[in-house]
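Undergrad: Data: model.tsv, TSV, C-alpha atoms and all ligand atoms.
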```tsv
chain	number	residue	atom	x	y	z
M	121	MET	CA	0.00	0.00	0.00
M	122	ASN	CA	0.98	3.62	-0.42
M	123	LEU	CA	1.44	5.92	2.54
M	124	SER	CA	1.47	9.63	1.86
M	125	TRP	CA	3.72	12.07	3.74
M	126	GLN	CA	0.57	13.48	5.34
M	127	GLN	CA	-0.23	10.05	6.76
M	128	ALA	CA	3.34	9.58	8.03
M	129	ILE	CA	3.22	12.80	10.07
M	130	GLY	CA	-0.27	12.44	11.48
M	131	ILE	CA	-2.29	14.93	9.47
M	132	ASP	CA	-4.38	12.42	7.51
M	133	GLN	CA	-6.13	9.65	9.41
M	134	THR	CA	-8.61	8.56	6.75
M	135	TYR	CA	-6.78	5.25	6.10
M	136	LEU	CA	-6.90	4.06	9.72
M	137	VAL	CA	-9.33	1.49	11.09
M	138	GLU	CA	-11.18	1.55	14.38
M	139	CYS	CA	-10.75	-1.07	17.12
M	140	GLN	CA	-12.25	-1.42	20.54
M	141	SER	CA	-10.62	-1.87	23.96
M	142	GLY	CA	-13.19	-2.12	26.74
M	143	SER	CA	-15.55	0.76	26.17
M	144	LYS	CA	-12.94	2.83	24.29
M	145	ASN	CA	-12.43	3.01	20.54
M	146	TYR	CA	-9.00	3.55	19.05
M	147	LEU	CA	-7.47	3.84	15.58
M	148	ILE	CA	-4.76	1.62	14.09
M	149	HIS	CA	-3.03	1.06	10.75
M	150	PRO	CA	-5.12	-1.53	8.84
M	151	SER	CA	-2.05	-3.70	8.08
M	152	ILE	CA	-1.35	-4.40	11.77
M	153	GLN	CA	-4.90	-5.49	12.53
M	154	PRO	CA	-4.49	-9.27	12.01
M	155	ASP	CA	-1.26	-9.47	14.08
M	156	LEU	CA	-2.70	-7.29	16.81
M	157	ALA	CA	-5.82	-9.46	17.04
M	158	LEU	CA	-3.61	-12.55	17.45
M	159	LEU	CA	-1.47	-10.85	20.10
M	160	LEU	CA	-4.48	-9.72	22.12
M	161	SER	CA	-6.23	-13.07	21.97
M	162	ALA	CA	-3.05	-14.97	22.94
M	163	ALA	CA	-2.55	-12.69	25.95
M	164	LYS	CA	-6.16	-13.16	26.96
M	165	SER	CA	-5.97	-16.95	26.76
M	166	ASP	CA	-2.77	-16.86	28.88
M	167	ASP	CA	-4.66	-14.85	31.54
M	168	VAL	CA	-2.81	-11.58	31.01
M	169	PRO	CA	-5.47	-9.60	29.11
M	170	ILE	CA	-4.19	-6.42	27.48
M	171	ALA	CA	-5.93	-3.03	27.45
M	172	THR	CA	-4.98	-0.44	24.87
M	173	ILE	CA	-4.40	2.97	26.43
M	174	SER	CA	-3.53	4.88	23.28
M	175	SER	CA	-2.66	4.15	19.68
M	176	TYR	CA	-2.93	6.64	16.80
M	177	ARG	CA	-2.37	10.27	17.79
M	178	SER	CA	-2.64	13.17	15.35
M	179	PHE	CA	-0.07	15.91	14.71
M	180	GLU	CA	-2.42	18.39	16.40
M	181	GLN	CA	-2.76	16.24	19.52
M	182	GLN	CA	1.02	15.83	19.73
M	183	LEU	CA	1.47	19.57	19.20
M	184	SER	CA	-0.86	20.31	22.15
M	185	ILE	CA	1.01	17.87	24.39
M	186	TRP	CA	4.39	19.36	23.43
M	187	ASN	CA	3.31	23.02	23.78
M	188	GLU	CA	1.50	22.44	27.08
M	189	LYS	CA	4.64	20.83	28.49
M	190	TRP	CA	6.83	23.62	27.06
M	191	GLN	CA	4.67	26.26	28.73
M	192	GLY	CA	4.40	24.43	32.06
M	193	TYR	CA	0.68	23.60	31.76
M	194	ARG	CA	1.28	19.85	31.74
M	195	PRO	CA	3.65	18.00	34.11
M	196	VAL	CA	7.12	17.08	32.90
M	197	PHE	CA	9.08	14.30	34.61
M	198	SER	CA	12.69	13.23	34.84
M	199	ARG	CA	13.73	9.82	33.56
M	200	HIS	CA	13.13	8.46	37.05
M	201	GLY	CA	9.68	10.00	37.39
M	202	ARG	CA	10.65	13.08	39.43
M	203	PRO	CA	8.46	16.14	38.59
M	204	LEU	CA	10.50	18.94	37.00
M	205	ASN	CA	9.90	22.69	37.15
M	206	ILE	CA	10.07	23.54	33.49
M	207	THR	CA	9.37	27.25	33.94
M	208	GLN	CA	12.87	27.68	35.40
M	209	MET	CA	14.57	26.03	32.45
M	210	SER	CA	16.35	27.29	29.33
M	211	ASP	CA	15.01	26.27	25.91
M	212	MET	CA	17.73	23.62	25.64
M	213	GLU	CA	16.88	22.16	29.05
M	214	LYS	CA	13.17	22.09	28.20
M	215	TYR	CA	13.84	20.42	24.85
M	216	LYS	CA	15.88	17.67	26.51
M	217	ALA	CA	13.44	17.16	29.39
M	218	ILE	CA	10.33	16.94	27.19
M	219	SER	CA	11.98	14.73	24.55
M	220	LEU	CA	12.57	12.04	27.18
M	221	TRP	CA	8.86	11.23	27.22
M	222	SER	CA	7.19	13.09	24.34
M	223	ALA	CA	7.95	13.24	20.64
M	224	LEU	CA	8.10	16.36	18.54
M	225	PRO	CA	4.84	16.70	16.56
M	226	GLY	CA	5.26	14.97	13.20
M	227	LEU	CA	7.94	12.64	14.60
M	228	SER	CA	5.82	10.55	16.96
M	229	ARG	CA	5.52	6.85	16.16
M	230	HIS	CA	1.94	7.19	17.38
M	231	HIS	CA	1.17	9.07	14.14
M	232	TRP	CA	1.55	5.82	12.21
M	233	GLY	CA	-1.14	3.66	13.82
M	234	THR	CA	1.52	0.95	14.23
M	235	ASP	CA	2.39	1.75	17.84
M	236	LEU	CA	0.31	1.31	20.97
M	237	ASP	CA	0.61	2.00	24.69
M	238	ILE	CA	-0.76	-1.00	26.54
M	239	PHE	CA	-1.58	-1.98	30.11
M	240	SER	CA	-2.88	-4.86	32.18
M	241	ALA	CA	-6.66	-5.01	31.66
M	242	ASP	CA	-7.00	-6.81	35.00
M	243	ALA	CA	-5.25	-4.00	36.89
M	244	ILE	CA	-7.60	-1.46	35.32
M	245	LYS	CA	-10.60	-3.63	36.22
M	246	LYS	CA	-9.38	-3.65	39.83
M	247	GLY	CA	-9.36	0.15	39.84
M	248	HIS	CA	-5.69	0.94	39.20
M	249	LYS	CA	-5.32	4.43	37.76
M	250	VAL	CA	-3.06	4.14	34.71
M	251	GLU	CA	-0.02	6.42	34.78
M	252	LEU	CA	2.37	4.72	32.31
M	253	ILE	CA	5.39	4.98	34.60
M	254	PRO	CA	8.29	2.49	34.99
M	255	GLU	CA	7.16	1.31	38.46
M	256	GLU	CA	3.94	-0.13	37.01
M	257	PHE	CA	5.97	-2.52	34.82
M	258	ALA	CA	8.68	-3.26	37.42
M	259	LEU	CA	8.89	-6.42	39.57
M	260	THR	CA	6.40	-5.18	42.14
M	261	GLY	CA	4.20	-3.29	39.67
M	262	VAL	CA	0.66	-4.07	38.55
M	263	CYS	CA	1.87	-4.92	35.03
M	264	CYS	CA	4.76	-7.18	36.12
M	265	GLU	CA	3.08	-10.34	34.86
M	266	LEU	CA	2.12	-8.70	31.57
M	267	ASN	CA	5.68	-7.42	31.21
M	268	ASP	CA	7.07	-10.97	31.56
M	269	TRP	CA	4.54	-12.26	29.05
M	270	LEU	CA	5.47	-9.54	26.57
M	271	ASP	CA	9.18	-10.38	26.96
M	272	LYS	CA	8.44	-13.96	25.97
M	273	ASN	CA	5.74	-13.49	23.35
M	274	LEU	CA	5.73	-10.07	21.74
M	275	SER	CA	8.05	-10.95	18.85
M	276	LYS	CA	6.08	-14.13	18.02
M	277	TYR	CA	3.23	-11.89	16.88
M	278	GLY	CA	5.41	-9.46	14.95
M	279	PHE	CA	5.74	-6.72	17.59
M	280	PHE	CA	8.66	-5.19	19.52
M	281	ARG	CA	9.39	-2.48	22.05
M	282	PRO	CA	11.29	0.41	20.42
M	283	TYR	CA	11.96	1.91	23.87
M	284	GLN	CA	12.83	-1.33	25.66
M	285	ASN	CA	15.98	0.23	27.19
M	286	TYR	CA	17.18	3.78	27.65
M	287	GLN	CA	19.96	4.53	25.17
M	288	GLN	CA	20.42	8.29	25.62
M	289	GLY	CA	17.25	9.13	23.68
M	290	VAL	CA	13.68	8.39	24.74
M	291	SER	CA	13.19	6.94	28.25
M	292	ALA	CA	12.55	3.22	28.61
M	293	GLU	CA	8.83	2.64	28.00
M	294	ALA	CA	7.83	-0.97	28.68
M	295	TRP	CA	4.23	-0.17	27.73
M	296	HIS	CA	4.98	1.07	24.20
M	297	ILE	CA	4.77	-1.66	21.55
M	298	SER	CA	5.23	-1.37	17.81
M	299	HIS	CA	4.45	-3.52	14.79
M	300	ILE	CA	7.87	-4.51	13.44
M	301	ALA	CA	7.28	-4.85	9.70
M	302	ILE	CA	5.00	-1.88	9.12
M	303	SER	CA	6.80	0.57	11.43
M	304	GLU	CA	10.19	-0.35	9.92
M	305	GLN	CA	8.91	0.47	6.47
M	306	ILE	CA	7.47	3.81	7.52
M	307	GLN	CA	10.62	4.73	9.45
M	308	LYS	CA	12.89	3.84	6.53
M	309	ALA	CA	10.93	5.95	4.04
M	310	PHE	CA	10.10	8.76	6.46
M	311	PRO	CA	9.42	12.16	4.79
M	312	PHE	CA	11.82	14.29	6.87
M	313	LYS	CA	11.72	17.29	4.57
M	314	GLN	CA	7.93	17.59	4.51
M	315	CYS	CA	7.81	16.97	8.25
M	316	SER	CA	10.34	19.72	8.97
M	317	ASP	CA	8.50	22.16	6.67
M	318	TYR	CA	5.12	21.39	8.22
M	319	LEU	CA	6.48	21.67	11.76
M	320	GLY	CA	8.11	25.00	10.87
M	321	LYS	CA	4.73	26.41	9.82
M	322	SER	CA	2.91	25.09	12.90
M	323	ASP	CA	2.26	26.89	16.19
M	324	ILE	CA	5.06	25.11	18.03
M	325	CYS	CA	6.56	27.18	20.86
M	326	SER	CA	10.05	28.60	20.29
M	327	SER	CA	9.76	27.57	16.66
M	328	GLN	CA	13.19	28.80	15.53
M	329	PHE	CA	14.90	26.94	18.38
M	330	ILE	CA	13.00	23.76	17.44
M	331	ALA	CA	13.76	24.18	13.73
M	332	ASP	CA	17.46	24.38	14.60
M	333	ARG	CA	17.17	21.14	16.63
M	334	PHE	CA	15.22	19.15	14.00
M	335	ASP	CA	18.19	17.12	12.71
M	336	HIS	CA	19.43	16.54	16.24
M	337	TYR	CA	15.98	15.28	17.27
M	338	CYS	CA	15.91	12.84	14.34
M	339	SER	CA	19.25	11.26	15.21
M	340	GLN	CA	19.05	11.40	19.02
M	341	TYR	CA	15.41	10.35	19.44
M	342	PHE	CA	13.51	9.43	16.28
M	343	ASN	CA	16.10	7.06	14.81
M	344	ASN	CA	17.61	6.03	18.14
M	345	ILE	CA	15.36	3.07	18.92
M	346	CYS	CA	16.02	-0.42	20.24
M	347	GLN	CA	16.03	-2.93	17.41
M	348	PRO	CA	13.61	-5.90	17.30
M	349	PRO	CA	15.10	-9.35	17.94
M	350	VAL	CA	16.36	-10.90	14.68
M	351	ILE	CA	14.32	-14.04	15.26
M	352	ALA	CA	11.10	-12.02	15.36
M	353	ARG	CA	8.44	-12.84	12.87
M	354	ARG	CA	8.09	-10.19	10.19
M	355	ASN	CA	5.30	-10.15	7.69
M	356	ASP	CA	6.11	-8.89	4.26
M	357	ALA	CA	3.26	-6.49	3.65
M	358	ALA	CA	4.99	-3.80	1.65
M	359	ILE	CA	4.48	-0.11	2.18
M	360	SER	CA	5.87	2.54	-0.08
M	361	LEU	CA	5.74	6.16	0.89
M	362	SER	CA	4.59	8.15	-2.07
M	363	ASP	CA	6.31	11.40	-2.95
M	364	THR	CA	8.19	11.57	0.33
M	365	GLY	CA	11.49	13.17	-0.52
M	366	SER	CA	12.91	11.30	2.47
M	367	ASN	CA	16.47	12.06	3.41
M	368	PRO	CA	18.56	8.90	3.77
M	369	THR	CA	21.21	10.68	5.84
M	370	GLN	CA	18.86	11.22	8.81
W	401	ZN	ZN	3.71	5.41	23.41
```
Represent the structure of the file as structure tokens.
TA:
Amino acid sequence: MNLSWQQAIGIDQTYLVECQSGSKNYLIHPSIQPDLALLLSAAKSDDVPIATISSYRSFEQQLSIWNEKWQGYRPVFSRHGRPLNITQMSDMEKYKAISLWSALPGLSRHHWGTDLDIFSADAIKKGHKVELIPEEFALTGVCCELNDWLDKNLSKYGFFRPYQNYQQGVSAEAWHISHIAISEQIQKAFPFKQCSDYLGKSDICSSQFIADRFDHYCSQYFNNICQPPVIARRNDAAISLSDTGSNPTQ
């Protein structure tokens, strides 16, 4: 299938399909649907049912998250979950602090419909308020059992965790899963030029500072992901990005 640059940066969601998790609906890339269904039903039959917390997110939604954090209207945390006072920070400090947990609009993997944040459905049923913090997936956390299951099974269904470990970019996010084959294809053909142009015309705070950091963001965060295990199952559904002008050096 073809993916336009608008679809890759989250400004066209017409190709996505709707799924249901509990009473919530969410949007995903149609090509991940069969693998996701298998993953969810396998987890359920192994008694670790999965709830989807978020999947597709638009450019506009990501822009709001980023700007609210930049302006101090939304909490910003350190890598270890300590709340930070962003209003006291320089632009460079803010950029680094926010990038630990939030992507620049246009460069979020959540724009693709291939990536999901997941949680233990049982913990939610028991009243746990979802925070998506490392403690929830640690040994004593409410998602410990799910975390173990994901370690053993995720790749069998064609998924991986791009933020499995911290490697000087995005913080470790045990809850963030990604469809290997489809996300790899989108990442490889990503339309950096169109993304940078679109971001430059958006209402992002400190836009010149961000424009100057765009290449840095791409290498330090966007392309700096943990690789899927080589034994993982990959399906060969091909995606080509039409008219992307992608830059192979980034
Ligand atoms: Zn995520």
Undergrad: Need the neighbours of (15.5, 5.2, 29.8): which residues are at most 10 Å away, counting only C-alpha atoms, as a list of chain:residue names?
TA: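 The residues near that point, listed by chain and number, are M:Ser198, M:Arg199, M:His200, M:Leu220, M:Trp221, M:Pro254, M:Tyr283, M:Gln284, M:Asn285, M:Tyr286, M:Gln287, M:Gln288, M:Gly289, M:Val290, M:Ser291, M:Ala292, M:Glu293, M:Ala294.
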Undergrad: Select, from M:Val196, M:Cys346, M:Cys264, M:Ala301, the residue with the minimum atom-to-atom distance to Ser240 (chain M), counting only C-alpha atoms.
TA: M:Cys264
Undergrad: Between CA of Asp155 (chain M) and CA of Glu251 (chain M), measure the distance and give it in Å to one decimal.
TA: 26.1 Å
Undergrad: Would you tabulate, counting only C-alpha atoms and all ligand atoms, all residues of chain M that have an atom at most 8 Å from an atom of ligand ZN 401 (chain W), showing the closest pair of atoms and their distance in Å to one decimal, sorted by chain then ascending number, as a Markdown table?
TA:
```
| residue | atom | partner | partner_atom | distance |
| --- | --- | --- | --- | --- |
| M:Ser174 | CA | W:ZN401 | ZN | 7.3 |
| M:Ser175 | CA | W:ZN401 | ZN | 7.5 |
| M:Arg229 | CA | W:ZN401 | ZN | 7.6 |
| M:His230 | CA | W:ZN401 | ZN | 6.5 |
| M:Asp235 | CA | W:ZN401 | ZN | 6.8 |
| M:Leu236 | CA | W:ZN401 | ZN | 5.9 |
| M:Asp237 | CA | W:ZN401 | ZN | 4.8 |
| M:Glu293 | CA | W:ZN401 | ZN | 7.4 |
| M:Trp295 | CA | W:ZN401 | ZN | 7.1 |
| M:His296 | CA | W:ZN401 | ZN | 4.6 |
| M:Ile297 | CA | W:ZN401 | ZN | 7.4 |
```
Undergrad: Using only C-alpha atoms, list the residues that have an atom at most 9 Å from (5.6, 23.8, 15.8), coordinates as in the file, as JSON, numbers by chain.
TA: {"M": [183, 186, 187, 224, 225, 318, 319, 320, 321, 322, 323, 324, 325, 326, 327, 330, 331]}
Undergrad: Between CA of Asn273 (chain M) and CA of Asn344 (chain M), what distance in Å does the model show, to one decimal?
TA: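 One can read the CA of Asn273 (chain M) to CA of Asn344 (chain M) distance as 23.4 Å.
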